[in-house]
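For reference, protein-v2.txt is printed below; it contains compact mmCIF, C-alpha atoms.
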# COMPACT_ATOMS: atom_id res chain seq x y z
CA MET A 1 5.37 19.36 -8.02
CA THR A 2 6.26 16.63 -10.49
CA THR A 3 3.38 15.11 -12.44
CA PHE A 4 3.84 11.40 -13.08
CA ASP A 5 0.64 10.51 -14.93
CA VAL A 6 -3.08 11.16 -14.96
CA ASN A 7 -3.72 8.54 -12.26
CA ASP A 8 -1.33 10.34 -9.90
CA GLU A 9 -3.15 13.63 -10.41
CA ILE A 10 -6.50 12.00 -9.73
CA VAL A 11 -5.28 10.16 -6.61
CA GLU A 12 -3.68 13.30 -5.19
CA ARG A 13 -6.77 15.39 -5.82
CA GLU A 14 -9.25 12.85 -4.44
CA LEU A 15 -7.29 12.10 -1.27
CA GLY A 16 -6.70 15.78 -0.69
CA ARG A 17 -10.38 16.59 -1.04
CA PHE A 18 -12.08 13.58 0.56
CA TRP A 19 -9.60 11.90 2.94
CA LEU A 20 -7.30 14.38 4.65
CA ALA A 21 -8.38 15.95 7.94
CA PRO A 22 -8.03 19.72 8.43
CA GLY A 23 -4.36 20.61 8.72
CA GLU A 24 -3.20 17.14 7.63
CA ARG A 25 -0.70 16.92 4.75
CA LEU A 26 -0.63 14.18 2.13
CA LEU A 27 2.82 12.67 1.60
CA LEU A 28 2.10 9.66 -0.62
CA GLY A 29 -0.98 8.27 -2.28
CA LEU A 30 -0.91 5.28 -4.60
CA PRO A 31 -3.54 4.25 -7.13
CA PRO A 32 -5.19 0.84 -6.75
CA ILE A 33 -2.78 -2.04 -7.40
CA GLU A 34 -4.97 -4.86 -8.69
CA ALA A 35 -2.71 -7.83 -8.06
CA HIS A 36 -2.05 -10.59 -5.55
CA VAL A 37 -0.25 -10.17 -2.24
CA ALA A 38 2.74 -12.40 -1.38
CA ALA A 39 3.81 -12.78 2.22
CA ARG A 40 6.45 -14.32 4.43
CA ILE A 41 5.14 -14.30 8.01
CA GLY A 42 7.51 -15.96 10.42
CA ALA A 43 8.47 -19.25 8.78
CA ASP A 44 5.34 -19.39 6.62
CA VAL A 45 5.23 -18.36 2.96
CA VAL A 46 1.73 -17.53 1.73
CA VAL A 47 1.20 -16.79 -1.97
CA PRO A 48 -1.38 -15.61 -2.71
CA PHE A 49 -1.94 -14.18 0.75
CA ARG A 50 -5.50 -14.01 2.07
CA ALA A 51 -6.69 -11.72 4.86
CA VAL A 52 -6.20 -13.09 8.37
CA GLY A 53 -7.67 -10.16 10.32
CA ALA A 54 -11.02 -8.39 10.42
CA VAL A 55 -12.04 -6.95 7.05
CA PRO A 56 -15.27 -5.35 5.80
CA LEU A 57 -17.90 -7.14 3.77
CA LEU A 58 -17.47 -6.49 0.06
CA GLU A 59 -19.21 -7.60 -3.13
CA LEU A 60 -16.49 -8.09 -5.74
CA GLY A 61 -17.75 -11.01 -7.79
CA LYS A 62 -15.69 -14.01 -8.79
CA GLU A 63 -11.92 -13.61 -9.00
CA HIS A 64 -10.48 -14.29 -12.45
CA TRP A 65 -6.84 -13.39 -11.87
CA PRO A 66 -4.11 -15.85 -12.85
CA LEU A 67 -2.31 -17.40 -9.90
CA PRO A 68 1.33 -16.44 -9.23
CA THR A 69 3.95 -18.70 -10.77
CA GLU A 70 5.31 -21.68 -8.83
CA HIS A 71 8.69 -19.97 -8.68
CA VAL A 72 7.18 -17.11 -6.68
CA THR A 73 4.93 -19.27 -4.53
CA ALA A 74 7.96 -21.30 -3.44
CA ASN A 75 10.24 -18.36 -2.62
CA PRO A 76 8.86 -14.85 -3.16
CA ASP A 77 11.54 -12.94 -1.22
CA VAL A 78 13.56 -11.76 -4.19
CA ASP A 79 11.69 -12.53 -7.39
CA TRP A 80 8.08 -11.62 -6.58
CA VAL A 81 8.42 -8.42 -8.61
CA ASP A 82 9.17 -10.43 -11.76
CA ASP A 83 5.65 -11.90 -11.67
CA PRO A 84 3.13 -9.27 -12.85
CA SER A 85 0.32 -11.07 -11.00
CA VAL A 86 1.90 -10.02 -7.67
CA GLY A 87 1.71 -6.38 -6.61
CA TYR A 88 2.67 -6.53 -2.93
CA PHE A 89 5.15 -8.40 -0.75
CA VAL A 90 5.00 -8.52 3.05
CA LEU A 91 7.71 -9.53 5.51
CA ALA A 92 6.60 -9.91 9.12
CA ARG A 93 7.15 -11.93 12.27
CA GLN A 94 3.48 -12.35 13.17
CA VAL A 95 0.03 -11.65 11.79
CA SER A 96 -0.55 -8.74 14.19
CA ASP A 97 2.32 -6.73 12.66
CA ALA A 98 1.54 -3.44 10.93
CA ALA A 99 2.46 -4.56 7.41
CA VAL A 100 0.13 -7.57 7.67
CA ARG A 101 -2.73 -5.39 8.93
CA LEU A 102 -2.41 -3.27 5.78
CA ALA A 103 -1.93 -6.25 3.48
CA ASP A 104 -5.13 -7.84 4.79
CA HIS A 105 -7.11 -5.10 3.08
CA PHE A 106 -5.16 -5.06 -0.17
CA ALA A 107 -5.69 -8.80 -0.50
CA HIS A 108 -9.33 -8.67 0.58
CA SER A 109 -10.25 -5.80 -1.76
CA ARG A 110 -8.25 -7.31 -4.65
CA GLY A 111 -6.21 -4.13 -4.74
CA LEU A 112 -9.18 -1.78 -5.12
CA ALA A 113 -8.35 -0.23 -1.76
CA ARG A 114 -5.29 2.00 -1.92
CA LEU A 115 -2.39 3.12 0.27
CA ALA A 116 -2.39 6.64 1.69
CA VAL A 117 0.40 8.16 3.78
CA SER A 118 0.12 11.54 5.50
CA ASP A 119 2.19 13.39 8.05
CA ARG A 120 -0.08 11.82 10.69
CA ARG A 121 -0.95 8.30 9.57
CA VAL A 122 -0.64 5.41 7.16
CA ALA A 123 -3.88 3.78 6.08
CA VAL A 124 -5.75 1.66 3.60
CA VAL A 125 -8.45 3.74 1.93
CA TYR A 126 -11.49 2.04 0.43
CA PRO A 127 -13.92 3.63 -2.01
CA THR A 128 -16.96 3.61 0.28
CA LYS A 129 -19.16 2.36 -2.56
CA LEU A 130 -17.45 -1.06 -2.23
CA LEU A 131 -18.67 -1.51 1.34
CA LEU A 132 -22.27 -2.47 0.55
CA ARG A 133 -23.84 0.54 2.18
CA GLU A 134 -25.11 3.93 1.10
CA PRO A 135 -21.97 6.07 0.95
CA GLN A 136 -21.89 9.06 3.29
CA THR A 137 -18.29 9.77 2.33
CA VAL A 138 -16.20 9.03 -0.75
CA PHE A 139 -13.56 7.06 1.18
CA THR A 140 -13.60 4.80 4.24
CA THR A 141 -10.36 4.26 6.16
CA HIS A 142 -9.18 0.91 7.55
CA ALA A 143 -6.00 -0.32 9.26
CA GLU A 144 -4.99 3.18 10.27
CA ILE A 145 -1.46 3.28 11.72
CA PRO A 146 0.11 6.38 13.34
CA ALA A 147 2.99 7.87 11.35
CA ALA A 148 5.18 7.41 14.42
CA GLN A 149 5.02 3.64 13.78
CA VAL A 150 6.76 4.02 10.40
CA ALA A 151 10.51 3.52 10.70
CA ARG A 152 11.31 4.29 7.07
CA LEU A 153 9.77 5.07 3.70
CA ASP A 154 11.95 4.45 0.66
CA SER A 155 12.07 2.93 -2.80
CA VAL A 156 14.22 -0.10 -3.56
CA PHE A 157 15.14 -2.33 -6.47
CA VAL A 158 14.20 -5.97 -5.95
CA GLY A 159 14.43 -9.05 -8.12
CA ASN A 160 17.15 -10.17 -10.49
CA SER A 161 15.75 -8.96 -13.81
CA LEU A 162 17.07 -5.90 -15.59
CA GLY A 163 14.76 -3.01 -16.32
CA VAL A 164 12.31 -3.62 -13.48
CA PRO A 165 11.53 -0.27 -11.77
CA PRO A 166 11.93 0.13 -8.02
CA VAL A 167 9.07 -0.52 -5.61
CA VAL A 168 7.77 1.43 -2.64
CA ARG A 169 8.95 0.04 0.71
CA LEU A 170 7.34 0.88 4.06
CA SER A 171 9.26 -0.36 7.10
CA PHE A 172 7.57 -0.29 10.51
CA VAL A 173 9.00 -0.09 14.02
CA ASP A 174 7.67 -3.59 14.77
CA GLY A 175 10.09 -4.93 12.15
CA SER A 176 7.51 -5.68 9.46
CA VAL A 177 7.90 -4.45 5.90
CA LEU A 178 5.41 -3.81 3.11
CA HIS A 179 6.50 -3.53 -0.53
CA LEU A 180 4.14 -2.14 -3.18
CA ARG A 181 4.56 -2.14 -6.94
CA ASP A 182 4.31 1.25 -8.66
CA ALA A 183 5.78 2.27 -12.01
CA PHE A 184 6.77 5.66 -10.56
CA ALA A 185 7.87 4.45 -7.11
CA GLY A 186 11.21 6.24 -7.08
CA GLY A 187 9.82 9.65 -7.96
CA LYS A 188 6.78 9.36 -5.71
CA VAL A 189 8.88 8.39 -2.70
CA ARG A 190 11.29 11.28 -3.36
CA ARG A 191 8.34 13.64 -3.50
CA ALA A 192 6.92 12.21 -0.26
CA LEU A 193 10.22 12.67 1.57
CA GLU A 194 10.56 16.22 0.27
CA ARG A 195 7.06 16.98 1.50
CA ALA A 196 7.86 15.48 4.91
CA VAL A 197 10.85 17.79 5.29
CA SER A 198 9.05 20.88 4.00
CA HIS A 199 6.09 20.30 6.31
CA GLY A 200 8.32 20.46 9.37
CA ALA A 201 9.41 17.85 11.89
CA PRO A 202 6.97 16.43 14.42
CA PRO A 203 8.40 15.50 17.82
CA ALA A 204 10.27 12.19 18.16
CA ARG A 205 9.78 9.62 15.42
CA GLY A 206 7.67 10.47 12.40
CA PRO A 207 7.97 11.55 8.76
CA ALA A 208 10.97 13.80 9.39
CA ALA A 209 12.89 10.78 10.73
CA TRP A 210 12.51 8.82 7.49
For the file at hand, write its structure as structure tokens.
Amino acid sequence: MTTFDVNDEIVERELGRFWLAPGERLLLGLPPIEAHVAARIGADVVVPFRAVGAVPLLELGKEHWPLPTEHVTANPDVDWVDDPSVGYFVLARQVSDAAVRLADHFAHSRGLARLAVSDRRVAVVYPTKLLLREPQTVFTTHAEIPAAQVARLDSVFVGNSLGVPPVVRLSFVDGSVLHLRDAFAGGKVRRALERAVSHGAPPARGPAAW
């Protein structure tokens, strides 16, 4: 297995120990991405995006992040990755789409919740200590989506600037797409796809179809 950095080792170990169900295999886990979400939902551009669905009560204090640049707020489709204050970009037709359901939690948690992808599901994983209750488990899962609803997992280059690394792209069968910034996106996605193949193909659509 390739080691990308210390954060990757920690994320892999924690999700493997505290999140996966018996027999479930981790394909991709990302560390927290503490940045704004940009979204194009139907004809509406929303930067920074704020949660539109049900989200848990959190105590995060006052937000002190800089706002995205006007260039990105006007048209984030290509150049969002050039603004370091933006860590996610969502394309969807409607707010009920899978990518928006996930983005709700990244925006609401200010990136402290993280993405986890297994051979069974895609989910947003919160540290339970953020949820204003006595933690019974290390992680609490929200916006869980069956793996069969993922049409494709890949890494892509976006933006017009040279030297910007690729981002993780999750495409869903409802047509929505979630992009996530990660410095090691290309290698992590390759590792996830290799794991999906080595773990065997589930019936019909699923990780082996990516």
Using all atoms listed in the file, the best pick from A:Ala147, A:Leu153, A:Ala92, A:Val177 as closest to Val46 (chain A) would be A:Ala92
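Distance annotation: of A:Phe49, A:Trp65, A:Phe4, A:Trp80, the residue with the minimal separation from His105 (chain A) is A:Phe49; atom set is all atoms listed in the file.
You can rank A:Val122, A:Val6, A:Val138, A:Leu60 by their closest distance to Arg25 (chain A) using only C-alpha atoms, and at the top of that list sits A:Val122.
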Mind checking which residues fall within 6 Å of Arg169 (chain A), counting all atoms listed in the file, ignoring those fewer than 5 positions away in the same chain, and posting them as an MDAnalysis selection string?
chainID A and resid 153:155 178:179
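For the choices A:Leu131, A:Ala21, A:Ala35, A:Val197, the atom-to-atom distance to Val47 (chain A) is smallest for A:Ala35 when using all atoms listed in the file.
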Need to verify the contact set: Val72 (chain A), 10 Å, only C-alpha atoms, exclusion of same-chain residues closer than 4 positions in sequence. Can you return it as a PDB file with C-alpha atoms, keeping the file's coordinate frame?
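File produced: part_6.pdb:
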ATOM      1  CA  ALA A  38       2.740 -12.400  -1.380  1.00  0.00           C
ATOM      2  CA  VAL A  45       5.230 -18.360   2.960  1.00  0.00           C
ATOM      3  CA  VAL A  47       1.200 -16.790  -1.970  1.00  0.00           C
ATOM      4  CA  PRO A  48      -1.380 -15.610  -2.710  1.00  0.00           C
ATOM      5  CA  PRO A  68       1.330 -16.440  -9.230  1.00  0.00           C
ATOM      6  CA  PRO A  76       8.860 -14.850  -3.160  1.00  0.00           C
ATOM      7  CA  ASP A  77      11.540 -12.940  -1.220  1.00  0.00           C
ATOM      8  CA  VAL A  78      13.560 -11.760  -4.190  1.00  0.00           C
ATOM      9  CA  ASP A  79      11.690 -12.530  -7.390  1.00  0.00           C
ATOM     10  CA  TRP A  80       8.080 -11.620  -6.580  1.00  0.00           C
ATOM     11  CA  VAL A  81       8.420  -8.420  -8.610  1.00  0.00           C
ATOM     12  CA  ASP A  82       9.170 -10.430 -11.760  1.00  0.00           C
ATOM     13  CA  ASP A  83       5.650 -11.900 -11.670  1.00  0.00           C
ATOM     14  CA  VAL A  86       1.900 -10.020  -7.670  1.00  0.00           C
TER      15      VAL A  86
END
List the spatial neighbours of Pro165 (chain A) as a PyMOL selection string - criterion: any atom at most 10 Å away, all atoms listed in the file, same-chain residues fewer than 5 positions off excluded.
chain A and resi 81+155-159+181-186
Grab the residues selected above and save them as a PDB file, in the coordinates of the input with C-alpha atoms.
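Full text of out.pdb as output:
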ATOM      1  CA  VAL A  81       8.420  -8.420  -8.610  1.00  0.00           C
ATOM      2  CA  SER A 155      12.070   2.930  -2.800  1.00  0.00           C
ATOM      3  CA  VAL A 156      14.220  -0.100  -3.560  1.00  0.00           C
ATOM      4  CA  PHE A 157      15.140  -2.330  -6.470  1.00  0.00           C
ATOM      5  CA  VAL A 158      14.200  -5.970  -5.950  1.00  0.00           C
ATOM      6  CA  GLY A 159      14.430  -9.050  -8.120  1.00  0.00           C
ATOM      7  CA  ARG A 181       4.560  -2.140  -6.940  1.00  0.00           C
ATOM      8  CA  ASP A 182       4.310   1.250  -8.660  1.00  0.00           C
ATOM      9  CA  ALA A 183       5.780   2.270 -12.010  1.00  0.00           C
ATOM     10  CA  PHE A 184       6.770   5.660 -10.560  1.00  0.00           C
ATOM     11  CA  ALA A 185       7.870   4.450  -7.110  1.00  0.00           C
ATOM     12  CA  GLY A 186      11.210   6.240  -7.080  1.00  0.00           C
TER      13      GLY A 186
END
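For the pair CA of Arg133 (chain A) and CA of Trp19 (chain A), the interatomic distance is 18.2 Å.
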